[in-house]
Structure formats: C-alpha cells, structure tokens
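Undergrad: Pasting in a structure now, in structure tokens, and then I'll have a few things to ask.
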Amino acid sequence: MAANTVVIGVGNPLCGDDAAGRAVVRSLRAAGMPPGVELVESDGDPATLIEFWRGRDMALVVDAVRSGAPPGSIHHLELPGMASVPHGTSSHGLGLAEAVGIAAALGRLPRRLIVFGIEAGGRELGAALSAPVARTAESVAAQIRRAVGA
C-alpha cells in the first residue's frame, strides 16, 4: 500500500502554527516509515509540489490553513473525489489549490492525493506551534501512519 508514496509537509518552520505540516513530517520521520514512503518538507511552491508528487501512486500533503475554524481543526480532502481544492485555504500566497490546478492541466497529478489542512492559530515569527495545533499534528501523523501501513 505504501509503495511509491510521498508525504509532503508544507509550511514555514519559523512562523508558529504555519509549521504544522513540517511538524507532521518530522514526527513521521522520527517514527520511521515503511520502504516506498518518502518524507519531504516544502515551502509550498506549486512547481515544487508538482514535482514531488508527479508519477506517484499516492501523495499526502499536510498544510496549515486559515478558514475561521478553531485552531487545530482538521480539514480533509481527497482526489479523486474532490472537484478541486478550495482557493484561499492555504496559509501561503500561492499554494496547493494552484498546484492541483496546474498539475491537472499538465496531467501530473498523483493517482491519489490526500490533503490534511490543519487550522492555524498564530503565525508569529519565532513562535512555536500552539498546543491545539501540536496535538492535531500528532493526530494527523498517526492517521498517515495508518494510511501507509506503518
């Protein structure tokens, strides 16, 4: 199940809850992943995301989002099955929605794309993850471990 899979943690490690995706990948790295699962950290650049997931059977992307929900809330989307990623949900200027649109147009989407958006609270420079986001990051890491059979 895990063969040819990438887990991408998106975020800025210096800006509080914006680092949620990277925290998930770091937790997974510490726990160990089965063969065939690559763990990467990204700043969310759409071209980079497309290259990470191109040709993959499965890509799991974790990013901080801002929707107005309480910090630590989880938003879960999956392709195939979702028409598109809602614009404006990433905490970055250009991000996942644009990457999905570009990859679809170029035929470079992974066979299966799973997105975990973790609702961010504070994004102050130099701040650590807030307690609710840190708890959610661990929960998402556990969900991903189950998804890849770790």
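We name chains A, B, ... following the order of the structure tokens; residues begin at 1 in each chain, and ligands are numbered from 1 as shown.
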Any idea what's packed within 8 Å of Ala23 (chain A), counting only C-alpha atoms, ignoring anything in its chain fewer than 4 positions away? Could you give it as a list in words?
TA: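 The residues satisfying every condition are Gly9, Ala19, Ser27, Ala134 and Ala137 of chain A.
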Undergrad: Could you pull out the residues in chain A that DSSP calls helix (DSSP H, G or I) from the backbone, as an MDAnalysis selection string?
TA: chainID A and resid 16:31 46:53 96:106 131:147
Undergrad: Give me the residues within 7 Å of region 56-67 of chain A as number ranges by chain, counting only C-alpha atoms and dropping any in the same chain fewer than 5 places off.
TA: A: 4-11, 17-18, 20-21, 89-91, 110-120
Undergrad: Go ahead and write the residues just picked, C-alpha atoms, as a JSON list (two decimals), in the first residue's frame.
TA:
[["chain", "number", "residue", "atom", "x", "y", "z"],
["A", 4, "ASN", "CA", 5.58, 4.95, -4.44],
["A", 5, "THR", "CA", 4.10, 7.28, -1.82],
["A", 6, "VAL", "CA", 5.20, 10.75, -0.77],
["A", 7, "VAL", "CA", 4.19, 12.68, 2.34],
["A", 8, "ILE", "CA", 4.73, 16.42, 1.95],
["A", 9, "GLY", "CA", 4.74, 18.71, 4.98],
["A", 10, "VAL", "CA", 4.21, 22.31, 3.90],
["A", 11, "GLY", "CA", 4.98, 25.40, 5.95],
["A", 17, "ASP", "CA", 1.35, 27.26, 13.52],
["A", 18, "ASP", "CA", 2.37, 27.69, 9.88],
["A", 20, "ALA", "CA", 2.13, 22.30, 11.22],
["A", 21, "GLY", "CA", 2.78, 20.34, 8.02],
["A", 89, "THR", "CA", -7.36, 27.87, 2.25],
["A", 90, "SER", "CA", -3.57, 27.63, 2.36],
["A", 91, "SER", "CA", -1.77, 29.97, 4.71],
["A", 110, "PRO", "CA", -0.68, 11.62, -8.43],
["A", 111, "ARG", "CA", -3.08, 8.71, -8.76],
["A", 112, "ARG", "CA", -4.43, 9.56, -5.28],
["A", 113, "LEU", "CA", -3.99, 12.89, -3.47],
["A", 114, "ILE", "CA", -4.93, 13.23, 0.19],
["A", 115, "VAL", "CA", -4.80, 16.67, 1.81],
["A", 116, "PHE", "CA", -4.83, 17.35, 5.54],
["A", 117, "GLY", "CA", -5.34, 21.02, 6.35],
["A", 118, "ILE", "CA", -4.61, 21.91, 9.97],
["A", 119, "GLU", "CA", -6.33, 25.09, 11.08],
["A", 120, "ALA", "CA", -3.65, 27.53, 12.21]]
Undergrad: Could you give me, as a VMD selection string, each residue of chain A that DSSP assigns to strand (DSSP E or B) when run on this structure's backbone?
TA: chain A and resid 5 to 10 37 to 42 58 to 65 74 to 79 90 112 to 119
Undergrad: Could you work out how far CA of Ala99 (chain A) lies from CA of Ala47 (chain A), giving the answer in Å with one decimal?
TA: 6.8 Å
Undergrad: Skipping near chain neighbours, those fewer than 3 positions away, what residues fall within 12 Å of Ile102 (chain A) using only C-alpha atoms, listed as a PyMOL selection string?
TA: chain A and resi 45-51+54+84-85+94-99+105-109
Undergrad: Mind dumping the selected residues with all heavy atoms as a compact mmCIF listing (two decimals), in the first residue's frame?
TA:
# COMPACT_ATOMS: atom_id res chain seq x y z
N ASP A 45 5.72 25.96 -2.63
CA ASP A 45 5.79 26.44 -4.00
C ASP A 45 5.08 25.44 -4.92
O ASP A 45 5.39 24.24 -4.88
CB ASP A 45 7.25 26.58 -4.42
CG ASP A 45 7.39 26.90 -5.90
OD1 ASP A 45 6.98 28.00 -6.30
OD2 ASP A 45 7.89 26.02 -6.64
N PRO A 46 4.10 25.90 -5.72
CA PRO A 46 3.34 24.97 -6.55
C PRO A 46 4.19 24.10 -7.48
O PRO A 46 3.94 22.90 -7.61
CB PRO A 46 2.42 25.89 -7.36
CG PRO A 46 2.23 27.08 -6.50
CD PRO A 46 3.56 27.27 -5.81
N ALA A 47 5.21 24.66 -8.11
CA ALA A 47 6.06 23.87 -9.02
C ALA A 47 6.78 22.77 -8.26
O ALA A 47 6.91 21.64 -8.76
CB ALA A 47 7.06 24.78 -9.73
N THR A 48 7.23 23.06 -7.06
CA THR A 48 7.91 22.06 -6.25
C THR A 48 6.96 20.96 -5.82
O THR A 48 7.30 19.77 -5.87
CB THR A 48 8.55 22.73 -5.01
OG1 THR A 48 9.42 23.78 -5.46
CG2 THR A 48 9.34 21.74 -4.19
N LEU A 49 5.75 21.33 -5.41
CA LEU A 49 4.76 20.32 -5.02
C LEU A 49 4.47 19.37 -6.18
O LEU A 49 4.42 18.15 -6.00
CB LEU A 49 3.46 20.99 -4.56
CG LEU A 49 3.52 21.77 -3.25
CD1 LEU A 49 2.21 22.51 -3.01
CD2 LEU A 49 3.86 20.86 -2.08
N ILE A 50 4.29 19.93 -7.35
CA ILE A 50 4.00 19.11 -8.54
C ILE A 50 5.13 18.11 -8.80
O ILE A 50 4.89 16.94 -9.10
CB ILE A 50 3.74 19.99 -9.77
CG1 ILE A 50 2.43 20.76 -9.59
CG2 ILE A 50 3.71 19.16 -11.05
CD1 ILE A 50 2.23 21.89 -10.58
N GLU A 51 6.37 18.56 -8.67
CA GLU A 51 7.50 17.66 -8.90
C GLU A 51 7.56 16.57 -7.83
O GLU A 51 7.89 15.43 -8.14
CB GLU A 51 8.81 18.44 -8.96
CG GLU A 51 9.00 19.16 -10.27
CD GLU A 51 8.83 18.24 -11.49
OE1 GLU A 51 9.50 17.18 -11.56
OE2 GLU A 51 8.02 18.58 -12.37
N ARG A 54 4.54 14.11 -8.76
CA ARG A 54 4.41 13.61 -10.14
C ARG A 54 4.82 12.14 -10.22
O ARG A 54 5.87 11.75 -9.73
CB ARG A 54 5.27 14.44 -11.08
CG ARG A 54 5.12 14.04 -12.54
CD ARG A 54 5.82 15.00 -13.43
NE ARG A 54 7.26 15.02 -13.18
CZ ARG A 54 8.17 15.04 -14.13
NH1 ARG A 54 7.83 15.05 -15.38
NH2 ARG A 54 9.44 15.06 -13.82
N SER A 84 -12.01 20.14 -6.74
CA SER A 84 -10.83 20.98 -6.67
C SER A 84 -10.56 21.32 -5.22
O SER A 84 -11.39 21.11 -4.34
CB SER A 84 -11.01 22.27 -7.47
OG SER A 84 -12.00 23.07 -6.87
N VAL A 85 -9.39 21.86 -4.96
CA VAL A 85 -9.05 22.35 -3.63
C VAL A 85 -9.59 23.77 -3.53
O VAL A 85 -9.35 24.58 -4.43
CB VAL A 85 -7.52 22.35 -3.42
CG1 VAL A 85 -7.16 22.96 -2.09
CG2 VAL A 85 -6.97 20.94 -3.55
N LEU A 94 0.48 31.67 -2.95
CA LEU A 94 0.16 30.64 -3.94
C LEU A 94 0.43 29.32 -3.27
O LEU A 94 1.39 29.17 -2.55
CB LEU A 94 1.05 30.77 -5.17
CG LEU A 94 0.75 31.89 -6.13
CD1 LEU A 94 1.79 31.89 -7.26
CD2 LEU A 94 -0.64 31.76 -6.71
N GLY A 95 -0.41 28.36 -3.52
CA GLY A 95 -0.20 27.12 -2.81
C GLY A 95 -0.85 25.94 -3.45
O GLY A 95 -0.85 25.76 -4.66
N LEU A 96 -1.46 25.14 -2.61
CA LEU A 96 -1.97 23.85 -3.00
C LEU A 96 -3.05 23.93 -4.08
O LEU A 96 -3.03 23.15 -5.03
CB LEU A 96 -2.50 23.13 -1.76
CG LEU A 96 -2.86 21.68 -1.92
CD1 LEU A 96 -1.70 20.87 -2.47
CD2 LEU A 96 -3.30 21.13 -0.58
N ALA A 97 -3.98 24.85 -3.96
CA ALA A 97 -5.05 24.96 -4.96
C ALA A 97 -4.46 25.22 -6.34
O ALA A 97 -4.86 24.59 -7.33
CB ALA A 97 -6.02 26.08 -4.59
N GLU A 98 -3.49 26.10 -6.41
CA GLU A 98 -2.85 26.40 -7.69
C GLU A 98 -2.05 25.20 -8.19
O GLU A 98 -2.07 24.89 -9.39
CB GLU A 98 -1.94 27.63 -7.56
CG GLU A 98 -2.71 28.92 -7.35
CD GLU A 98 -3.24 29.12 -5.93
OE1 GLU A 98 -2.85 28.38 -5.00
OE2 GLU A 98 -4.09 30.02 -5.75
N ALA A 99 -1.36 24.50 -7.28
CA ALA A 99 -0.59 23.33 -7.68
C ALA A 99 -1.50 22.25 -8.25
O ALA A 99 -1.17 21.63 -9.27
CB ALA A 99 0.21 22.78 -6.49
N ALA A 105 -3.96 20.26 -15.27
CA ALA A 105 -3.84 20.71 -16.66
C ALA A 105 -2.68 20.04 -17.37
O ALA A 105 -2.75 19.79 -18.57
CB ALA A 105 -3.68 22.23 -16.69
N LEU A 106 -1.61 19.74 -16.65
CA LEU A 106 -0.41 19.12 -17.24
C LEU A 106 -0.43 17.60 -17.17
O LEU A 106 0.51 16.95 -17.63
CB LEU A 106 0.84 19.64 -16.53
CG LEU A 106 1.13 21.13 -16.65
CD1 LEU A 106 2.32 21.52 -15.78
CD2 LEU A 106 1.37 21.51 -18.11
N GLY A 107 -1.47 17.03 -16.56
CA GLY A 107 -1.52 15.57 -16.41
C GLY A 107 -0.50 15.05 -15.42
O GLY A 107 0.03 13.95 -15.59
N ARG A 108 -0.20 15.81 -14.38
CA ARG A 108 0.84 15.44 -13.42
C ARG A 108 0.32 15.25 -11.99
O ARG A 108 1.08 15.36 -11.05
CB ARG A 108 1.95 16.48 -13.43
CG ARG A 108 2.71 16.46 -14.73
CD ARG A 108 3.89 17.36 -14.68
NE ARG A 108 4.62 17.27 -15.94
CZ ARG A 108 5.58 18.09 -16.28
NH1 ARG A 108 5.93 19.06 -15.48
NH2 ARG A 108 6.18 17.94 -17.44
N LEU A 109 -0.96 14.98 -11.85
CA LEU A 109 -1.48 14.68 -10.52
C LEU A 109 -1.09 13.26 -10.14
O LEU A 109 -0.98 12.39 -11.00
CB LEU A 109 -3.01 14.80 -10.50
CG LEU A 109 -3.58 16.20 -10.42
CD1 LEU A 109 -5.09 16.17 -10.63
CD2 LEU A 109 -3.24 16.87 -9.09
Undergrad: How far is it from CA of Val133 (chain A) to CA of Glu41 (chain A), in Å with one decimal?
TA: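 Interatomic distance, CA of Val133 (chain A) to CA of Glu41 (chain A): 17.5 Å.
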